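Participant: Data file protein10.txt (compact mmCIF, C-alpha atoms) is appended below.
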```
# COMPACT_ATOMS: atom_id res chain seq x y z
CA MET A 1363 -16.01 -18.93 27.09
CA ALA A 1364 -14.15 -16.43 29.21
CA LYS A 1365 -14.59 -12.77 28.34
CA THR A 1366 -11.95 -10.10 28.73
CA PRO A 1367 -12.94 -6.49 29.44
CA ILE A 1368 -11.13 -3.91 27.34
CA ARG A 1369 -11.36 -0.14 26.96
CA PHE A 1370 -10.13 1.78 23.98
CA SER A 1371 -10.74 4.99 22.10
CA HIS A 1372 -12.83 4.41 18.98
CA ASN A 1373 -12.76 7.43 16.68
CA ARG A 1374 -11.94 9.61 19.72
CA GLU A 1375 -14.82 8.18 21.79
CA GLU A 1376 -14.10 5.95 24.80
CA LYS A 1377 -15.54 2.44 24.48
CA ALA A 1378 -15.60 -0.41 26.97
CA VAL A 1379 -16.49 -3.91 25.77
CA PHE A 1380 -16.13 -7.52 26.76
CA VAL A 1381 -14.30 -9.57 24.15
CA ASP A 1382 -14.08 -13.32 23.65
CA GLU A 1383 -10.62 -14.75 24.11
CA GLY A 1384 -8.98 -15.02 20.73
CA ALA A 1385 -11.41 -12.54 19.15
CA ASN A 1386 -9.91 -10.27 16.53
CA LEU A 1387 -10.37 -6.51 16.45
CA LEU A 1388 -12.40 -6.60 13.23
CA ASP A 1389 -15.08 -8.76 14.87
CA VAL A 1390 -15.20 -6.51 17.91
CA LEU A 1391 -15.52 -3.36 15.81
CA ARG A 1392 -18.25 -4.80 13.60
CA ARG A 1393 -20.24 -6.88 16.12
CA SER A 1394 -19.72 -5.23 19.51
CA ILE A 1395 -19.22 -1.59 18.52
CA GLY A 1396 -21.40 -1.67 15.40
CA ASP A 1397 -18.82 0.07 13.19
CA LEU A 1398 -19.25 -1.64 9.82
CA THR A 1399 -16.68 0.44 7.92
CA PRO A 1400 -13.77 -2.00 8.33
CA LYS A 1401 -14.55 -4.90 5.98
CA TYR A 1402 -13.96 -8.61 6.26
CA GLY A 1403 -12.22 -9.70 3.08
CA CYS A 1404 -9.87 -12.62 3.57
CA GLY A 1405 -9.23 -13.02 7.29
CA GLN A 1406 -5.57 -13.75 6.58
CA GLY A 1407 -3.91 -10.41 6.02
CA THR A 1408 -3.84 -10.48 2.25
CA CYS A 1409 -6.48 -7.98 1.15
CA GLY A 1410 -6.25 -5.00 3.52
CA ALA A 1411 -10.04 -4.37 3.52
CA CYS A 1412 -10.03 -4.42 7.34
CA THR A 1413 -7.28 -1.79 7.71
CA VAL A 1414 -7.74 0.53 10.71
CA LEU A 1415 -5.34 2.85 12.51
CA VAL A 1416 -4.08 1.81 15.93
CA ASP A 1417 -2.37 4.75 17.61
CA GLY A 1418 -2.12 6.28 14.15
CA ALA A 1419 -0.40 3.34 12.46
CA PRO A 1420 -2.19 1.23 9.84
CA GLN A 1421 -2.92 -2.24 11.09
CA LEU A 1422 -4.96 -5.20 9.86
CA SER A 1423 -7.85 -5.49 12.30
CA CYS A 1424 -8.55 -9.10 11.29
CA LEU A 1425 -5.05 -10.11 12.45
CA THR A 1426 -5.12 -7.97 15.59
CA LEU A 1427 -5.95 -9.80 18.80
CA ALA A 1428 -8.68 -7.54 20.19
CA GLU A 1429 -7.27 -7.33 23.70
CA THR A 1430 -4.02 -5.84 22.39
CA VAL A 1431 -5.81 -2.52 21.72
CA ASP A 1432 -6.74 -2.09 25.37
CA GLY A 1433 -5.87 1.51 26.29
CA ARG A 1434 -5.05 2.46 22.71
CA ALA A 1435 -6.71 4.58 20.02
CA VAL A 1436 -8.47 2.88 17.11
CA ASP A 1437 -9.56 4.99 14.14
CA THR A 1438 -11.75 3.86 11.27
CA VAL A 1439 -13.43 5.43 8.24
CA ALA A 1440 -16.48 6.11 10.43
CA GLY A 1441 -14.38 8.80 12.12
CA LEU A 1442 -13.12 10.50 8.95
CA SER A 1443 -16.25 12.47 8.11
CA ASP A 1444 -17.94 15.08 10.26
CA GLY A 1445 -21.54 13.92 9.97
CA ALA A 1446 -22.46 14.29 6.33
CA ARG A 1447 -19.36 16.41 5.68
CA LEU A 1448 -16.81 14.16 4.04
CA SER A 1449 -13.08 14.60 4.59
CA ALA A 1450 -10.93 15.99 1.77
CA LEU A 1451 -9.62 12.49 1.10
CA GLN A 1452 -13.13 11.03 0.86
CA ARG A 1453 -14.20 13.85 -1.50
CA ALA A 1454 -11.13 13.19 -3.65
CA PHE A 1455 -12.14 9.52 -3.90
CA MET A 1456 -15.59 10.62 -5.15
CA ASP A 1457 -14.20 13.19 -7.57
CA ASN A 1458 -11.76 10.68 -9.05
CA PHE A 1459 -14.27 7.81 -9.28
CA ALA A 1460 -11.92 5.88 -7.00
CA ALA A 1461 -14.61 3.44 -5.83
CA GLN A 1462 -16.52 1.01 -7.98
CA CYS A 1463 -17.85 -1.80 -5.79
CA GLY A 1464 -16.45 0.00 -2.77
CA TYR A 1465 -15.36 -3.04 -0.81
CA CYS A 1466 -11.68 -2.11 -0.69
CA THR A 1467 -12.41 1.61 -0.24
CA ASP A 1468 -12.47 1.74 3.55
CA GLY A 1469 -9.10 0.02 3.78
CA MET A 1470 -7.68 2.23 1.04
CA LEU A 1471 -8.92 5.34 2.86
CA MET A 1472 -7.26 4.30 6.12
CA SER A 1473 -3.94 3.43 4.46
CA ALA A 1474 -4.05 6.78 2.65
CA THR A 1475 -4.95 8.60 5.86
CA ALA A 1476 -1.90 7.10 7.58
CA LEU A 1477 0.31 8.08 4.64
CA LEU A 1478 -0.89 11.68 4.40
CA LYS A 1479 -0.59 12.23 8.13
CA HIS A 1480 3.14 11.44 8.10
CA ASN A 1481 3.87 12.53 4.56
CA PRO A 1482 1.52 15.32 3.35
CA ARG A 1483 3.23 15.57 -0.05
CA PRO A 1484 3.86 12.00 -1.16
CA THR A 1485 5.27 11.07 -4.54
CA ARG A 1486 3.34 8.71 -6.75
CA GLU A 1487 5.73 5.90 -5.78
CA GLU A 1488 5.11 6.58 -2.10
CA VAL A 1489 1.36 6.37 -2.68
CA VAL A 1490 1.78 3.05 -4.49
CA GLU A 1491 3.89 1.74 -1.61
CA ALA A 1492 1.38 2.99 0.98
CA ILE A 1493 -1.53 1.10 -0.60
CA SER A 1494 0.52 -1.97 -1.55
CA GLY A 1495 -1.15 -3.90 1.27
CA ASN A 1496 -4.64 -3.14 -0.06
CA LEU A 1497 -6.06 -5.18 -2.92
CA CYS A 1498 -8.58 -3.69 -5.33
CA ARG A 1499 -10.24 -6.08 -7.77
CA CYS A 1500 -12.52 -3.80 -9.79
CA THR A 1501 -11.97 -0.04 -9.58
CA GLY A 1502 -8.37 -0.19 -10.77
CA TYR A 1503 -5.50 1.35 -8.87
CA GLU A 1504 -4.99 4.38 -11.12
CA ALA A 1505 -8.12 6.17 -9.95
CA ILE A 1506 -7.26 5.44 -6.33
CA ILE A 1507 -3.68 6.68 -6.68
CA ASN A 1508 -4.91 9.85 -8.39
CA ALA A 1509 -7.46 10.47 -5.64
CA ILE A 1510 -4.81 10.20 -2.93
CA LEU A 1511 -2.47 12.51 -4.85
CA ASP A 1512 -5.34 14.99 -5.31
CA ALA A 1513 -6.02 14.99 -1.59
CA SER A 1514 -2.36 15.52 -0.74
CA GLN A 1515 -0.97 19.00 -0.14
CA GLY A 1516 0.61 19.01 -3.55
CA GLY A 1517 -2.97 19.05 -4.79
CA ALA A 1518 -2.58 18.45 -8.49
CA ARG A 1519 -2.59 14.91 -9.72
CA ARG A 1520 0.76 13.80 -11.06
CA THR A 1521 1.22 11.03 -13.54
CA GLY A 1522 4.15 9.02 -14.78
CA MET B 1127 -12.88 -24.38 19.92
CA PRO B 1128 -12.36 -22.00 22.82
CA ILE B 1129 -9.01 -20.26 22.93
CA GLU B 1130 -7.25 -19.28 26.08
CA VAL B 1131 -5.13 -16.12 26.05
CA ARG B 1132 -2.75 -15.57 28.94
CA THR B 1133 -0.88 -12.32 29.38
CA HIS B 1134 2.26 -12.26 31.50
CA ALA B 1135 4.03 -9.15 32.73
CA THR B 1136 7.54 -10.62 32.88
CA LEU B 1137 9.72 -12.76 30.65
CA ALA B 1138 10.19 -15.29 33.45
CA GLU B 1139 6.45 -15.83 33.80
CA THR B 1140 6.02 -16.31 30.05
CA ALA B 1141 8.98 -18.71 30.01
CA ARG B 1142 7.46 -20.76 32.84
CA ALA B 1143 4.04 -20.88 31.19
CA PHE B 1144 5.64 -21.84 27.87
CA ALA B 1145 7.60 -24.67 29.47
CA ALA B 1146 4.51 -25.92 31.31
CA SER B 1147 2.13 -25.90 28.34
CA ARG B 1148 3.29 -28.08 25.46
CA GLY B 1149 0.97 -26.71 22.80
CA ALA B 1150 1.14 -23.04 23.77
CA HIS B 1151 1.85 -20.47 21.08
CA ILE B 1152 3.63 -17.20 21.74
CA LEU B 1153 1.91 -14.13 20.26
CA GLY B 1154 4.25 -11.73 18.47
CA GLY B 1155 2.44 -9.29 16.21
CA GLY B 1156 -0.20 -11.87 15.32
CA THR B 1157 0.25 -11.70 11.55
CA VAL B 1158 0.88 -15.44 11.40
CA LEU B 1159 -0.79 -16.73 14.56
CA MET B 1160 -4.08 -14.84 14.12
CA ARG B 1161 -4.48 -16.35 10.65
CA ALA B 1162 -4.56 -19.75 12.31
CA VAL B 1163 -7.00 -18.47 14.93
CA ASN B 1164 -9.28 -17.03 12.22
CA ALA B 1165 -9.15 -20.35 10.37
CA ALA B 1166 -10.15 -22.15 13.59
CA ASP B 1167 -6.92 -24.17 13.49
CA PRO B 1168 -7.42 -26.70 16.29
CA SER B 1169 -3.69 -26.70 17.12
CA VAL B 1170 -4.03 -23.19 18.52
CA ALA B 1171 -5.71 -23.53 21.90
CA THR B 1172 -3.43 -21.56 24.20
CA ILE B 1173 -1.90 -18.22 23.31
CA LEU B 1174 0.73 -16.66 25.55
CA ARG B 1175 1.00 -12.91 25.29
CA PRO B 1176 4.31 -11.71 26.73
CA ALA B 1177 3.95 -8.10 27.87
CA ASP B 1178 7.46 -7.53 29.25
CA PRO B 1179 8.64 -4.15 27.88
CA VAL B 1180 12.13 -5.57 27.35
CA LEU B 1181 10.73 -7.36 24.29
CA ARG B 1182 10.24 -3.98 22.60
CA GLN B 1183 13.75 -2.67 23.26
CA ILE B 1184 16.69 -2.20 20.92
CA ARG B 1185 20.07 -1.62 22.56
CA THR B 1186 23.75 -1.92 21.75
CA GLU B 1187 25.72 -4.56 23.61
CA GLY B 1188 29.39 -4.37 22.68
CA ARG B 1189 29.67 -4.97 18.94
CA GLU B 1190 26.25 -6.57 18.82
CA ILE B 1191 22.79 -5.06 18.78
CA ALA B 1192 20.21 -6.70 21.02
CA ILE B 1193 16.78 -6.58 19.42
CA GLY B 1194 13.77 -7.54 21.53
CA ALA B 1195 11.71 -10.28 19.91
CA GLY B 1196 8.67 -7.97 19.91
CA VAL B 1197 10.32 -5.25 17.83
CA THR B 1198 8.31 -4.68 14.65
CA MET B 1199 9.50 -4.42 11.06
CA ALA B 1200 8.49 -0.72 11.06
CA GLU B 1201 10.65 -0.15 14.16
CA ILE B 1202 13.62 -1.88 12.52
CA ILE B 1203 13.23 0.32 9.43
CA ALA B 1204 13.09 3.46 11.59
CA HIS B 1205 16.08 2.61 13.82
CA ARG B 1206 19.39 4.24 12.92
CA GLU B 1207 21.63 1.40 14.06
CA LEU B 1208 19.64 -1.20 12.14
CA GLY B 1209 20.17 0.26 8.68
CA PHE B 1210 21.77 -3.00 7.53
CA LEU B 1211 18.50 -4.87 8.24
CA ALA B 1212 16.16 -2.17 6.93
CA PRO B 1213 16.26 -3.33 3.28
CA VAL B 1214 15.09 -6.75 4.45
CA ALA B 1215 12.39 -5.49 6.82
CA ARG B 1216 11.09 -3.12 4.14
CA LEU B 1217 10.24 -6.08 1.91
CA VAL B 1218 8.08 -7.83 4.52
CA GLY B 1219 4.35 -7.68 3.72
CA GLY B 1220 2.60 -4.36 3.18
CA PRO B 1221 2.69 -1.32 5.49
CA GLN B 1222 -0.06 -2.76 7.73
CA VAL B 1223 1.93 -5.96 8.27
CA ARG B 1224 5.17 -4.11 8.98
CA THR B 1225 3.58 -2.11 11.81
CA THR B 1226 2.75 -5.34 13.64
CA ALA B 1227 4.91 -8.23 12.41
CA THR B 1228 7.82 -8.82 14.78
CA ILE B 1229 11.41 -9.98 14.34
CA GLY B 1230 10.82 -12.77 16.86
CA GLY B 1231 7.72 -13.97 15.05
CA ASN B 1232 9.59 -14.03 11.75
CA LEU B 1233 11.95 -16.68 13.16
CA PHE B 1234 8.99 -19.05 13.39
CA ALA B 1235 7.09 -18.02 10.25
CA ALA B 1236 7.01 -20.94 7.82
CA ALA B 1237 8.14 -20.43 4.22
CA PRO B 1238 7.38 -18.42 2.10
CA TYR B 1239 7.63 -16.07 5.07
CA GLY B 1240 10.74 -15.84 7.21
CA ASP B 1241 12.97 -13.69 4.99
CA VAL B 1242 14.21 -11.74 8.01
CA ALA B 1243 15.05 -15.00 9.75
CA GLY B 1244 17.16 -15.95 6.73
CA ALA B 1245 18.97 -12.62 6.88
CA LEU B 1246 19.69 -13.07 10.58
CA LEU B 1247 21.01 -16.57 9.96
CA ALA B 1248 23.35 -15.25 7.27
CA LEU B 1249 24.56 -12.59 9.69
CA GLY B 1250 25.43 -15.26 12.24
CA ALA B 1251 22.91 -13.95 14.78
CA SER B 1252 22.22 -15.57 18.13
CA VAL B 1253 19.09 -15.66 20.23
CA VAL B 1254 18.54 -15.45 23.96
CA THR B 1255 15.61 -17.43 25.32
CA GLY B 1256 13.19 -16.25 27.99
CA GLU B 1257 15.22 -18.27 30.49
CA GLY B 1258 18.37 -16.37 29.52
CA ARG B 1259 20.01 -19.14 27.51
CA ARG B 1260 22.02 -17.96 24.52
CA MET B 1261 22.31 -20.07 21.37
CA PRO B 1262 23.28 -19.54 17.75
CA LEU B 1263 20.36 -19.18 15.36
CA ASP B 1264 21.81 -22.20 13.50
CA ASP B 1265 20.82 -24.34 16.50
CA LEU B 1266 17.27 -22.98 16.61
CA PHE B 1267 16.81 -23.91 12.95
CA ARG B 1268 18.23 -27.41 13.20
CA PRO B 1269 15.70 -30.12 12.35
CA HIS B 1270 13.97 -31.37 15.51
CA ALA B 1271 15.41 -28.54 17.60
CA PRO B 1272 13.48 -28.22 20.86
CA ARG B 1273 10.86 -25.46 20.91
CA ALA B 1274 12.04 -22.20 22.37
CA PHE B 1275 10.64 -18.91 23.62
CA VAL B 1276 12.95 -16.33 22.05
CA ALA B 1277 13.24 -13.07 23.98
CA THR B 1278 16.12 -11.31 22.24
CA ILE B 1279 18.00 -11.51 18.97
CA LEU B 1280 21.69 -10.55 19.03
CA VAL B 1281 23.23 -9.52 15.74
CA ALA B 1282 26.41 -7.71 14.75
CA PRO B 1283 26.05 -5.16 11.94
CA SER B 1284 27.89 -6.08 8.77
CA ARG B 1285 29.07 -4.07 5.78
CA ASP B 1286 29.44 -7.26 3.80
CA PHE B 1287 25.77 -8.19 3.93
CA HIS B 1288 23.74 -8.65 0.75
CA PHE B 1289 20.10 -9.55 0.31
CA VAL B 1290 17.75 -10.23 -2.55
CA LYS B 1291 14.09 -11.17 -2.47
CA VAL B 1292 12.62 -12.79 -5.56
CA SER B 1293 8.87 -12.27 -5.89
CA ARG B 1294 6.41 -12.07 -8.72
CA VAL B 1295 4.44 -9.03 -7.58
CA ARG B 1296 5.83 -5.59 -6.75
CA PRO B 1297 6.00 -3.82 -4.44
CA LYS B 1298 4.34 -6.38 -2.21
CA GLY B 1299 4.61 -10.04 -3.05
CA VAL B 1300 5.62 -13.12 -1.11
CA SER B 1301 8.95 -14.72 -1.83
CA VAL B 1302 9.60 -17.27 -4.49
CA MET B 1303 12.83 -17.31 -2.53
CA SER B 1304 15.15 -14.88 -0.85
CA ILE B 1305 18.91 -15.04 -0.55
CA ALA B 1306 20.87 -13.47 2.28
CA ALA B 1307 24.64 -13.51 2.19
CA ASN B 1308 27.42 -12.27 4.40
CA LEU B 1309 30.61 -12.08 2.36
CA PRO B 1310 33.56 -10.68 4.31
CA ARG B 1311 36.70 -10.40 2.16
CA PRO B 1312 39.68 -9.42 4.29
CA GLY B 1313 42.66 -9.15 1.95
CA GLY B 1314 40.45 -9.82 -1.06
CA ARG B 1315 39.58 -13.43 -0.21
CA LEU B 1316 36.27 -14.62 1.20
CA GLN B 1317 36.44 -15.62 4.84
CA ASP B 1318 33.62 -17.63 6.45
CA PRO B 1319 31.03 -16.70 3.81
CA ARG B 1320 27.47 -17.44 4.85
CA ILE B 1321 24.73 -17.88 2.26
CA VAL B 1322 21.17 -18.53 3.32
CA PHE B 1323 18.20 -19.35 1.14
CA ASN B 1324 14.67 -18.84 2.40
CA GLY B 1325 11.92 -20.56 0.44
CA MET B 1326 14.19 -23.48 -0.47
CA GLY B 1327 12.91 -25.63 2.39
CA ALA B 1328 10.61 -25.39 5.35
CA ARG B 1329 13.08 -23.19 7.19
CA PRO B 1330 15.84 -20.82 6.10
CA MET B 1331 18.76 -23.03 5.04
CA ARG B 1332 22.45 -22.40 4.51
CA ALA B 1333 23.76 -23.25 1.06
CA VAL B 1334 26.70 -25.16 2.48
CA ALA B 1335 28.06 -26.38 -0.87
CA ALA B 1336 28.09 -22.86 -2.30
CA GLU B 1337 29.69 -21.50 0.87
CA ARG B 1338 32.46 -24.09 0.57
CA ALA B 1339 33.07 -23.13 -3.05
CA LEU B 1340 33.49 -19.48 -2.05
CA SER B 1341 35.55 -19.93 1.09
CA GLY B 1342 39.10 -18.68 0.75
CA GLN B 1343 38.57 -17.58 -2.86
CA PRO B 1344 38.50 -14.15 -4.48
CA LEU B 1345 35.03 -13.16 -5.67
CA ASP B 1346 35.89 -13.55 -9.36
CA ALA B 1347 33.90 -14.88 -12.29
CA ALA B 1348 35.17 -18.46 -11.98
CA THR B 1349 34.38 -18.65 -8.23
CA ILE B 1350 30.95 -17.09 -8.74
CA ALA B 1351 30.12 -19.58 -11.50
CA ARG B 1352 31.22 -22.51 -9.33
CA ALA B 1353 29.27 -21.32 -6.27
CA ALA B 1354 26.15 -20.58 -8.33
CA SER B 1355 26.19 -24.05 -9.88
CA LEU B 1356 26.08 -25.50 -6.34
CA ALA B 1357 23.37 -23.11 -5.09
CA ALA B 1358 20.57 -25.62 -4.62
CA GLU B 1359 22.71 -28.55 -3.48
CA GLY B 1360 21.48 -29.89 -0.16
CA LEU B 1361 18.43 -27.65 -0.16
CA ALA B 1362 14.89 -29.01 -0.14
CA PRO B 1363 12.50 -26.73 -2.04
CA GLU B 1364 8.83 -27.64 -2.09
CA ASP B 1365 5.96 -27.13 -4.51
CA ASP B 1366 3.55 -24.43 -3.45
CA ALA B 1367 1.13 -21.98 -5.03
CA ILE B 1368 3.96 -19.56 -5.79
CA ALA B 1369 6.40 -21.85 -7.58
CA SER B 1370 7.24 -25.50 -8.07
CA ALA B 1371 10.23 -27.15 -6.44
CA TRP B 1372 11.62 -27.75 -9.94
CA TYR B 1373 11.40 -24.05 -10.81
CA ARG B 1374 13.05 -23.03 -7.57
CA ARG B 1375 15.97 -25.40 -8.20
CA GLU B 1376 16.34 -24.05 -11.74
CA VAL B 1377 16.40 -20.37 -10.79
CA ALA B 1378 18.31 -20.53 -7.48
CA PRO B 1379 21.71 -20.53 -9.29
CA VAL B 1380 20.66 -17.56 -11.45
CA HIS B 1381 19.68 -15.44 -8.46
CA LEU B 1382 22.74 -16.43 -6.44
CA ARG B 1383 24.99 -15.56 -9.39
CA ARG B 1384 23.36 -12.14 -9.71
CA LEU B 1385 23.73 -11.48 -6.00
CA LEU B 1386 27.41 -12.47 -6.02
CA GLU B 1387 28.10 -10.40 -9.13
CA GLY B 1388 26.49 -7.43 -7.41
CA ALA B 1389 28.70 -7.97 -4.38
CA ALA B 1390 31.92 -8.39 -6.36
```
Output the structure of this file as structure tokens.
Facilitator:
Amino acid sequence: MAKTPIRFSHNREEKAVFVDEGANLLDVLRRSIGDLTPKYGCGQGTCGACTVLVDGAPQLSCLTLAETVDGRAVDTVAGLSDGARLSALQRAFMDNFAAQCGYCTDGMLMSATALLKHNPRPTREEVVEAISGNLCRCTGYEAIINAILDASQGGARRTG
Amino acid sequence: MPIEVRTHATLAETARAFAASRGAHILGGGTVLMRAVNAADPSVATILRPADPVLRQIRTEGREIAIGAGVTMAEIIAHRELGFLAPVARLVGGPQVRTTATIGGNLFAAAPYGDVAGALLALGASVVTGEGRRMPLDDLFRPHAPRAFVATILVAPSRDFHFVKVSRVRPKGVSVMSIAANLPRPGGRLQDPRIVFNGMGARPMRAVAAERALSGQPLDAATIARAASLAAEGLAPEDDAIASAWYRREVAPVHLRRLLEGAA
């Protein structure tokens, strides 16, 4: 099978890899780069567990043809923390018990990261909309919504 | 099965490759095509990736707006001139889908997707192929229409456009059906009304019987009741995991009536 060389920034670090034709970005991140934070959930764009940022915009890596990120910037949860120092958003997820099994968490974190970058003081409705493409089957959305609101500039969790 | 991906820098090259390769698929954002790739669908062997920047452009051409087939839902929502389409684009998928799903891809997305295609059909949009041939969207959606590589969508903004998407999950849920309607009423009477259902057949379909009932009439209670009763006539809903064909036929008149009452 023919391989295509691509170069892209992965969490601000330049990477060059050969990808199989038709390979999706999720496979390349997990198998070629070794970044296991984006998760394989459904492979059809329903669950959002594979969400990454491409040039800052949330995108489903399982539905992204890998070669389309050539020359672009891909950010994942692996780039959120500084070593063992978690980001404010990650700490808020811990403080709010916003992860139970944790499988949806990486996708949730990336959708929330994209939201807070463009909208540092989101309303509760805006948070719900921002994570509407991410399914959670066990934690429950309330804890996740509260964590994102806690991490926002408004700070205090708002309900209702 | 190995997949071949071919990237072409110009529209003309993509158009030539598309004409030469019968089974080739055009990559838009990938939100539909990559699902087939991930499922190892054997019908997807050749993917053409058009890289011509014109596909990402939005520009005004007379009273129409020319939207490149590669323009994403998020770009439509953000564009000032496309405010009339924004309520439709905003209801496509979740945020991660809207950053990648394209207007051109939506024309070929099988039901229950294709709500934007339905809206464009109601607005009387046209498409321009990679070879530069212009045709009404009605022709592209005709049964057995020849396959086409769409480069640009031409649509005139309308103040008489109305849209409703019926889904079971909010804020993100696929359509049970959607209804798009363009209802111009010069002098108080409907002129050339266009009503399109998506999810009531394999492709977006015009509710011709309902359109006929509305044409030339004021949008009053009696006309609305008559049009609503004809909503599903000539349409071909199917059973799927979201709803049965029977259910769709039963509720289509209810949703059309509500839309028309909202427009009146």
Participant: Name the closest residue to A:Ala1428 among the candidates B:Thr1140, B:Pro1176, B:Pro1310, B:Gly1155; distances are taken between atoms, counting only C-alpha atoms.
Facilitator: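 So, comparing all the options, the nearest one is B:Gly1155.
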Participant: Can you measure atom CA of B:Asn1164 to atom CA of A:Val1390 for me? One decimal in Å is fine.
Facilitator: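 According to the coordinates, atom CA of B:Asn1164 and atom CA of A:Val1390 are separated by 13.3 Å.
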Participant: Work out how far apart atom CA of B:Gly1194 and atom CA of B:Gly1209 are and give it in Å to one decimal.
Facilitator: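 If I compute the distance from atom CA of B:Gly1194 to atom CA of B:Gly1209, I get 16.3 Å.
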Participant: Find, counting all atoms listed in the file, the residue in B:Phe1323, B:Trp1372, B:Phe1267, B:Phe1289 that gets nearest to B:Leu1211.
Facilitator: B:Phe1289
Participant: I need the contact residues of chain B against chain A, so if you could list those with any atom within 10 Å, counting only C-alpha atoms, and return them as a PyMOL selection string, that would help.
Facilitator: chain B and resi 1127-1133+1153+1155-1165+1170-1173+1175+1177+1200+1219-1227+1296-1299
Participant: Find, counting only C-alpha atoms, the residue in B:Ala1306, B:Ala1145, B:Ala1282, B:Ala1354 that gets nearest to B:Ala1243.
Facilitator: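 Closest to B:Ala1243 of all the choices is B:Ala1306.
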Participant: Counting all atoms listed in the file, which of B:Pro1319, B:Gly1360, B:Gly1154, B:Pro1312 gets nearest to B:Arg1182?
Facilitator: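 Ranking B:Pro1319, B:Gly1360, B:Gly1154, B:Pro1312 by distance to B:Arg1182, first place goes to B:Gly1154.
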Participant: Write out as a count of residues only the residues lying within 6 Å of B:Val1281, counting all atoms listed in the file and excluding same-chain residues fewer than 3 positions away.
Facilitator: 3
Participant: Considering all atoms listed in the file, return as a ChimeraX atom specification whatever protein or nucleic-acid residues lie within 10 Å of B:Pro1179, sequence-local ones (same chain, fewer than 5 positions apart) excluded.
Facilitator: /B:1135-1137,1194,1196
Participant: Rounded to one decimal in Å, what is the spacing between atom CA of A:Cys1463 and atom CA of A:Ala1440?
Facilitator: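 For atom CA of A:Cys1463 relative to atom CA of A:Ala1440, the distance reads 18.1 Å.
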Participant: From the options B:Val1300, B:Leu1316, B:Leu1247, B:Ile1305, which residue's atoms come nearest to B:Asp1366, counting all atoms listed in the file?
Facilitator: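 For B:Asp1366, the nearest of the candidates is B:Val1300.
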Participant: Report as a count of residues only all protein, DNA and RNA residues lying within 8 Å of stretch 1330-1338 of chain B, evaluated on all atoms listed in the file, omitting residues in the same chain fewer than 4 positions from it.
Facilitator: 27
Participant: With a distance cut-off of 7 Å and all atoms listed in the file, select the neighbouring residues of B:Val1242, excluding the residue or stretch itself and same-chain residues fewer than 3 positions from it, and output the selection as a PyMOL selection string.
Facilitator: chain B and resi 1214-1215+1232+1245-1246
Participant: Let me have the centre and edge lengths in Å, one decimal, of the box along x, y and z around every listed atom of stretch 1421-1437 of chain A with 5 Å of margin on each side, as AutoDock Vina command-line options.
Facilitator:
```
--center_x -6.2 --center_y -2.6 --center_z 18.1 --size_x 16.6 --size_y 25.1 --size_z 26.4
```
Participant: From the list B:Pro1238, B:Gly1342, B:Pro1168, B:Gly1313, which residue is nearest B:Asp1365 when using only C-alpha atoms?
Facilitator: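 Counting only C-alpha atoms, the residue closest to B:Asp1365 is B:Pro1238.
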Participant: So that I can see what lies close to B:Leu1208, please list as a list in words the residues with an atom at most 10 Å from it, counting all atoms listed in the file and leaving out residues fewer than 2 positions away in the same chain.
Facilitator: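 What passes the distance filter is Ile1184, Ile1191, Ile1193, Glu1201, Ile1202, Ile1203, Ala1204, His1205, Arg1206, Phe1210, Leu1211, Ala1212, Pro1213, Ala1215, Val1281, Ala1282 and Pro1283 of chain B.
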Participant: Just C-alpha atoms for this one: save the residues we selected as a CSV table (one decimal), in the frame of the given file.
Facilitator:
```
chain,number,residue,atom,x,y,z
B,1184,ILE,CA,16.7,-2.2,20.9
B,1191,ILE,CA,22.8,-5.1,18.8
B,1193,ILE,CA,16.8,-6.6,19.4
B,1201,GLU,CA,10.6,-0.2,14.2
B,1202,ILE,CA,13.6,-1.9,12.5
B,1203,ILE,CA,13.2,0.3,9.4
B,1204,ALA,CA,13.1,3.5,11.6
B,1205,HIS,CA,16.1,2.6,13.8
B,1206,ARG,CA,19.4,4.2,12.9
B,1210,PHE,CA,21.8,-3.0,7.5
B,1211,LEU,CA,18.5,-4.9,8.2
B,1212,ALA,CA,16.2,-2.2,6.9
B,1213,PRO,CA,16.3,-3.3,3.3
B,1215,ALA,CA,12.4,-5.5,6.8
B,1281,VAL,CA,23.2,-9.5,15.7
B,1282,ALA,CA,26.4,-7.7,14.8
B,1283,PRO,CA,26.0,-5.2,11.9
```
